[in-house]
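Novice: Structure below; questions to follow.
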Amino acid sequence: MNAIPAPLACRPSCGACCTAPSITSPIPGMPNGKPAGVRCIQLADDNRCLIFGRPERPAFCGGLQPSAEMCGTSRGDAIRWLSDLERATCPKSLINTAEFARAGDELL
Ligand code: SF4
Ligand code: SF4
């Protein structure tokens, strides 16, 4: 019988998935959600979520689980993967590709 693999732990002080993707639902302090490449206002200086476990935390955040594919081995890996996904899934009208690419580079 195969053992079930342990879930991947979130890397401390990463915060890539609180910065690179867009979030369309309201966040306390960001009532319209946040654009891609913008740091969430609820992300503390040490990259911990200030509203973790609270009902006002967007469902998007609770649904995004760490994975080897997304998180990679560094914050830079995760920023690149999530930025590529954002570019691949966002309507072109909502994203200025050149500016977004620059923003992604600055986040690394
Ligand atoms: S990208 Fe992965 S490791 Fe980084 S904060 Fe998100 S879940 Fe954690
Ligand atoms: S609400 Fe918390 S988990 Fe969600 S993006 Fe902001 S800091 Fe990250």
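By convention in this document, the chains of the structure tokens carry letters A, B, ... by their order, each chain's residues are numbered from 1, and ligands are numbered from 1 in the order they are shown.
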Write out as JSON lines the residues of chain A that have any atom within 12 Å of an atom of ligand 1, one row each with the nearest atom pair and its distance in Å to one decimal, counting only C-alpha atoms and all ligand atoms, sorted by chain and then rising number.
Specialist:
```
{"residue": "A:Pro7", "atom": "CA", "partner": "ligand 1", "partner_atom_place_in_ligand_line": "7 (S)", "distance": 11.2}
{"residue": "A:Leu8", "atom": "CA", "partner": "ligand 1", "partner_atom_place_in_ligand_line": "7 (S)", "distance": 8.7}
{"residue": "A:Ala9", "atom": "CA", "partner": "ligand 1", "partner_atom_place_in_ligand_line": "3 (S)", "distance": 7.3}
{"residue": "A:Cys10", "atom": "CA", "partner": "ligand 1", "partner_atom_place_in_ligand_line": "8 (Fe)", "distance": 3.7}
{"residue": "A:Arg11", "atom": "CA", "partner": "ligand 1", "partner_atom_place_in_ligand_line": "3 (S)", "distance": 4.0}
{"residue": "A:Pro12", "atom": "CA", "partner": "ligand 1", "partner_atom_place_in_ligand_line": "3 (S)", "distance": 7.0}
{"residue": "A:Ser13", "atom": "CA", "partner": "ligand 1", "partner_atom_place_in_ligand_line": "5 (S)", "distance": 7.2}
{"residue": "A:Cys14", "atom": "CA", "partner": "ligand 1", "partner_atom_place_in_ligand_line": "4 (Fe)", "distance": 4.4}
{"residue": "A:Gly15", "atom": "CA", "partner": "ligand 1", "partner_atom_place_in_ligand_line": "5 (S)", "distance": 3.9}
{"residue": "A:Ala16", "atom": "CA", "partner": "ligand 1", "partner_atom_place_in_ligand_line": "1 (S)", "distance": 4.6}
{"residue": "A:Cys17", "atom": "CA", "partner": "ligand 1", "partner_atom_place_in_ligand_line": "6 (Fe)", "distance": 4.2}
{"residue": "A:Cys18", "atom": "CA", "partner": "ligand 1", "partner_atom_place_in_ligand_line": "5 (S)", "distance": 6.8}
{"residue": "A:Thr19", "atom": "CA", "partner": "ligand 1", "partner_atom_place_in_ligand_line": "5 (S)", "distance": 9.0}
{"residue": "A:Ala20", "atom": "CA", "partner": "ligand 1", "partner_atom_place_in_ligand_line": "1 (S)", "distance": 9.0}
{"residue": "A:Pro21", "atom": "CA", "partner": "ligand 1", "partner_atom_place_in_ligand_line": "1 (S)", "distance": 10.1}
{"residue": "A:Arg39", "atom": "CA", "partner": "ligand 1", "partner_atom_place_in_ligand_line": "5 (S)", "distance": 11.9}
{"residue": "A:Cys40", "atom": "CA", "partner": "ligand 1", "partner_atom_place_in_ligand_line": "5 (S)", "distance": 12.0}
{"residue": "A:Leu43", "atom": "CA", "partner": "ligand 1", "partner_atom_place_in_ligand_line": "5 (S)", "distance": 10.3}
{"residue": "A:Asp46", "atom": "CA", "partner": "ligand 1", "partner_atom_place_in_ligand_line": "5 (S)", "distance": 11.2}
{"residue": "A:Asn47", "atom": "CA", "partner": "ligand 1", "partner_atom_place_in_ligand_line": "5 (S)", "distance": 7.9}
{"residue": "A:Arg48", "atom": "CA", "partner": "ligand 1", "partner_atom_place_in_ligand_line": "5 (S)", "distance": 8.4}
{"residue": "A:Cys49", "atom": "CA", "partner": "ligand 1", "partner_atom_place_in_ligand_line": "5 (S)", "distance": 9.4}
{"residue": "A:Phe60", "atom": "CA", "partner": "ligand 1", "partner_atom_place_in_ligand_line": "6 (Fe)", "distance": 11.9}
{"residue": "A:Cys61", "atom": "CA", "partner": "ligand 1", "partner_atom_place_in_ligand_line": "6 (Fe)", "distance": 9.2}
{"residue": "A:Gly62", "atom": "CA", "partner": "ligand 1", "partner_atom_place_in_ligand_line": "7 (S)", "distance": 10.2}
{"residue": "A:Gly63", "atom": "CA", "partner": "ligand 1", "partner_atom_place_in_ligand_line": "7 (S)", "distance": 10.3}
{"residue": "A:Leu64", "atom": "CA", "partner": "ligand 1", "partner_atom_place_in_ligand_line": "7 (S)", "distance": 7.0}
{"residue": "A:Gln65", "atom": "CA", "partner": "ligand 1", "partner_atom_place_in_ligand_line": "7 (S)", "distance": 5.8}
{"residue": "A:Pro66", "atom": "CA", "partner": "ligand 1", "partner_atom_place_in_ligand_line": "7 (S)", "distance": 4.0}
{"residue": "A:Ser67", "atom": "CA", "partner": "ligand 1", "partner_atom_place_in_ligand_line": "2 (Fe)", "distance": 6.6}
{"residue": "A:Ala68", "atom": "CA", "partner": "ligand 1", "partner_atom_place_in_ligand_line": "2 (Fe)", "distance": 8.0}
{"residue": "A:Glu69", "atom": "CA", "partner": "ligand 1", "partner_atom_place_in_ligand_line": "2 (Fe)", "distance": 9.1}
{"residue": "A:Met70", "atom": "CA", "partner": "ligand 1", "partner_atom_place_in_ligand_line": "1 (S)", "distance": 6.2}
{"residue": "A:Cys71", "atom": "CA", "partner": "ligand 1", "partner_atom_place_in_ligand_line": "2 (Fe)", "distance": 4.0}
{"residue": "A:Gly72", "atom": "CA", "partner": "ligand 1", "partner_atom_place_in_ligand_line": "2 (Fe)", "distance": 7.6}
{"residue": "A:Thr73", "atom": "CA", "partner": "ligand 1", "partner_atom_place_in_ligand_line": "3 (S)", "distance": 8.4}
{"residue": "A:Ser74", "atom": "CA", "partner": "ligand 1", "partner_atom_place_in_ligand_line": "3 (S)", "distance": 7.8}
{"residue": "A:Arg75", "atom": "CA", "partner": "ligand 1", "partner_atom_place_in_ligand_line": "4 (Fe)", "distance": 6.0}
{"residue": "A:Gly76", "atom": "CA", "partner": "ligand 1", "partner_atom_place_in_ligand_line": "1 (S)", "distance": 9.2}
{"residue": "A:Asp77", "atom": "CA", "partner": "ligand 1", "partner_atom_place_in_ligand_line": "1 (S)", "distance": 8.4}
{"residue": "A:Ala78", "atom": "CA", "partner": "ligand 1", "partner_atom_place_in_ligand_line": "1 (S)", "distance": 5.0}
{"residue": "A:Ile79", "atom": "CA", "partner": "ligand 1", "partner_atom_place_in_ligand_line": "1 (S)", "distance": 7.2}
{"residue": "A:Arg80", "atom": "CA", "partner": "ligand 1", "partner_atom_place_in_ligand_line": "1 (S)", "distance": 10.0}
{"residue": "A:Trp81", "atom": "CA", "partner": "ligand 1", "partner_atom_place_in_ligand_line": "1 (S)", "distance": 9.0}
{"residue": "A:Leu82", "atom": "CA", "partner": "ligand 1", "partner_atom_place_in_ligand_line": "1 (S)", "distance": 8.0}
{"residue": "A:Ser83", "atom": "CA", "partner": "ligand 1", "partner_atom_place_in_ligand_line": "1 (S)", "distance": 11.1}
```
Novice: Got time to write the residues from that selection, N, CA and C atoms, as a compact mmCIF listing (two decimals), in the first residue's frame?
Specialist:
```txt
# COMPACT_ATOMS: atom_id res chain seq x y z
N PRO A 7 1.13 16.89 2.83
CA PRO A 7 0.94 18.12 2.07
C PRO A 7 2.18 19.01 2.16
N LEU A 8 2.45 19.73 1.08
CA LEU A 8 3.61 20.61 1.05
C LEU A 8 3.38 21.78 2.01
N ALA A 9 4.39 22.12 2.78
CA ALA A 9 4.27 23.25 3.69
C ALA A 9 4.57 24.55 2.95
N CYS A 10 3.90 25.60 3.36
CA CYS A 10 4.17 26.93 2.79
C CYS A 10 5.53 27.42 3.28
N ARG A 11 6.34 27.97 2.37
CA ARG A 11 7.69 28.45 2.71
C ARG A 11 7.57 29.72 3.56
N PRO A 12 8.19 29.77 4.72
CA PRO A 12 8.11 30.98 5.55
C PRO A 12 8.66 32.20 4.81
N SER A 13 8.06 33.34 5.03
CA SER A 13 8.52 34.62 4.48
C SER A 13 8.55 34.65 2.96
N CYS A 14 7.65 33.89 2.31
CA CYS A 14 7.61 33.91 0.85
C CYS A 14 6.64 35.00 0.36
N GLY A 15 5.35 34.74 0.52
CA GLY A 15 4.36 35.75 0.12
C GLY A 15 4.20 35.94 -1.38
N ALA A 16 4.79 35.06 -2.19
CA ALA A 16 4.69 35.24 -3.65
C ALA A 16 3.24 35.18 -4.12
N CYS A 17 2.45 34.26 -3.54
CA CYS A 17 1.08 34.13 -4.02
C CYS A 17 0.16 35.19 -3.43
N CYS A 18 0.68 36.08 -2.60
CA CYS A 18 -0.07 37.24 -2.10
C CYS A 18 0.36 38.49 -2.87
N THR A 19 1.20 38.32 -3.88
CA THR A 19 1.73 39.45 -4.63
C THR A 19 1.51 39.26 -6.14
N ALA A 20 1.94 38.15 -6.68
CA ALA A 20 1.94 37.98 -8.15
C ALA A 20 0.54 37.89 -8.77
N PRO A 21 -0.39 37.11 -8.19
CA PRO A 21 -1.67 36.97 -8.88
C PRO A 21 -2.63 38.14 -8.63
N ARG A 39 1.40 43.96 -4.13
CA ARG A 39 1.43 43.32 -2.82
C ARG A 39 0.08 43.52 -2.12
N CYS A 40 -0.48 42.45 -1.56
CA CYS A 40 -1.73 42.57 -0.81
C CYS A 40 -1.51 43.45 0.41
N LEU A 43 -0.67 41.75 3.66
CA LEU A 43 0.58 41.00 3.78
C LEU A 43 1.55 41.81 4.66
N ASP A 46 6.75 40.80 7.33
CA ASP A 46 7.43 39.50 7.35
C ASP A 46 6.72 38.48 6.44
N ASN A 47 5.85 38.99 5.55
CA ASN A 47 5.15 38.18 4.56
C ASN A 47 4.20 37.14 5.17
N ARG A 48 3.64 37.46 6.32
CA ARG A 48 2.56 36.64 6.87
C ARG A 48 1.23 37.36 6.61
N CYS A 49 0.17 36.55 6.46
CA CYS A 49 -1.15 37.13 6.23
C CYS A 49 -1.71 37.65 7.56
N PHE A 60 -10.36 32.79 -2.32
CA PHE A 60 -9.24 32.51 -3.23
C PHE A 60 -8.01 32.10 -2.44
N CYS A 61 -7.76 32.82 -1.36
CA CYS A 61 -6.52 32.58 -0.59
C CYS A 61 -6.55 31.22 0.09
N GLY A 62 -7.72 30.89 0.67
CA GLY A 62 -7.84 29.60 1.34
C GLY A 62 -7.75 28.44 0.36
N GLY A 63 -8.18 28.70 -0.88
CA GLY A 63 -8.19 27.64 -1.88
C GLY A 63 -6.85 27.40 -2.54
N LEU A 64 -5.93 28.33 -2.37
CA LEU A 64 -4.63 28.21 -3.04
C LEU A 64 -3.67 27.45 -2.12
N GLN A 65 -3.45 26.20 -2.42
CA GLN A 65 -2.61 25.36 -1.57
C GLN A 65 -1.19 25.28 -2.14
N PRO A 66 -0.19 25.21 -1.27
CA PRO A 66 1.18 25.08 -1.77
C PRO A 66 1.33 23.83 -2.65
N SER A 67 2.11 23.95 -3.69
CA SER A 67 2.42 22.80 -4.54
C SER A 67 3.84 22.98 -5.04
N ALA A 68 4.47 21.85 -5.34
CA ALA A 68 5.86 21.91 -5.82
C ALA A 68 5.92 22.71 -7.12
N GLU A 69 4.91 22.53 -7.97
CA GLU A 69 4.89 23.22 -9.26
C GLU A 69 4.82 24.73 -9.07
N MET A 70 3.92 25.19 -8.21
CA MET A 70 3.72 26.64 -8.02
C MET A 70 4.86 27.25 -7.18
N CYS A 71 5.19 26.62 -6.10
CA CYS A 71 6.10 27.24 -5.13
C CYS A 71 7.57 27.12 -5.54
N GLY A 72 7.90 26.09 -6.32
CA GLY A 72 9.29 25.91 -6.73
C GLY A 72 10.21 25.81 -5.53
N THR A 73 11.42 26.30 -5.69
CA THR A 73 12.38 26.21 -4.58
C THR A 73 12.76 27.58 -4.03
N SER A 74 12.11 28.63 -4.54
CA SER A 74 12.42 29.97 -4.03
C SER A 74 11.24 30.89 -4.31
N ARG A 75 11.24 32.04 -3.65
CA ARG A 75 10.21 33.05 -3.92
C ARG A 75 10.26 33.46 -5.40
N GLY A 76 11.45 33.58 -5.95
CA GLY A 76 11.60 33.96 -7.36
C GLY A 76 10.93 32.95 -8.28
N ASP A 77 11.12 31.65 -7.99
CA ASP A 77 10.46 30.61 -8.78
C ASP A 77 8.95 30.82 -8.76
N ALA A 78 8.41 31.04 -7.55
CA ALA A 78 6.95 31.16 -7.40
C ALA A 78 6.44 32.42 -8.09
N ILE A 79 7.16 33.52 -7.98
CA ILE A 79 6.73 34.76 -8.65
C ILE A 79 6.68 34.53 -10.16
N ARG A 80 7.73 33.87 -10.70
CA ARG A 80 7.75 33.63 -12.15
C ARG A 80 6.59 32.72 -12.57
N TRP A 81 6.37 31.63 -11.83
CA TRP A 81 5.32 30.68 -12.20
C TRP A 81 3.94 31.35 -12.15
N LEU A 82 3.69 32.07 -11.06
CA LEU A 82 2.38 32.72 -10.90
C LEU A 82 2.19 33.85 -11.90
N SER A 83 3.27 34.56 -12.22
CA SER A 83 3.17 35.65 -13.21
C SER A 83 2.90 35.08 -14.60
```
Novice: Run DSSP on the backbone and tell me which residues of segment 8-101 of chain A come out as helix (DSSP H, G or I); list them as number ranges by chain.
Specialist: A: 16-18, 59-63, 68-71, 75-89, 92-94, 97-101
Novice: With distances taken over only C-alpha atoms and all ligand atoms, which of A:Pro35, A:Ala6, A:Leu50, A:Asp84 is nearest to ligand 2?
Specialist: A:Leu50
Novice: Applying 8 Å and only C-alpha atoms, which residues near Met30 of chain A remain after dropping the ones on its own chain fewer than 4 positions away? List them as a PyMOL selection string.
Specialist: chain A and resi 26+34+41
Novice: Save out the residues we just selected, N, CA and C atoms, as a tab-separated table (two decimals), in the first residue's frame.
Specialist:
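File produced: again-v5.tsv:
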```tsv
chain	number	residue	atom	x	y	z
A	26	PRO	N	-13.18	41.17	-2.85
A	26	PRO	CA	-12.74	42.21	-1.91
A	26	PRO	C	-11.80	41.66	-0.84
A	34	LYS	N	-7.23	43.04	-5.81
A	34	LYS	CA	-5.92	43.62	-6.13
A	34	LYS	C	-5.46	43.20	-7.52
A	41	ILE	N	-2.49	44.30	0.68
A	41	ILE	CA	-2.36	45.21	1.82
A	41	ILE	C	-2.36	44.44	3.15
```
Novice: Looking at only C-alpha atoms and all ligand atoms, which of A:Cys90, A:Val38, A:Leu85, A:Ile27 is the one that sits closest to ligand 2?
Specialist: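 Checking each candidate against ligand 2, we get A:Ile27 as the closest.
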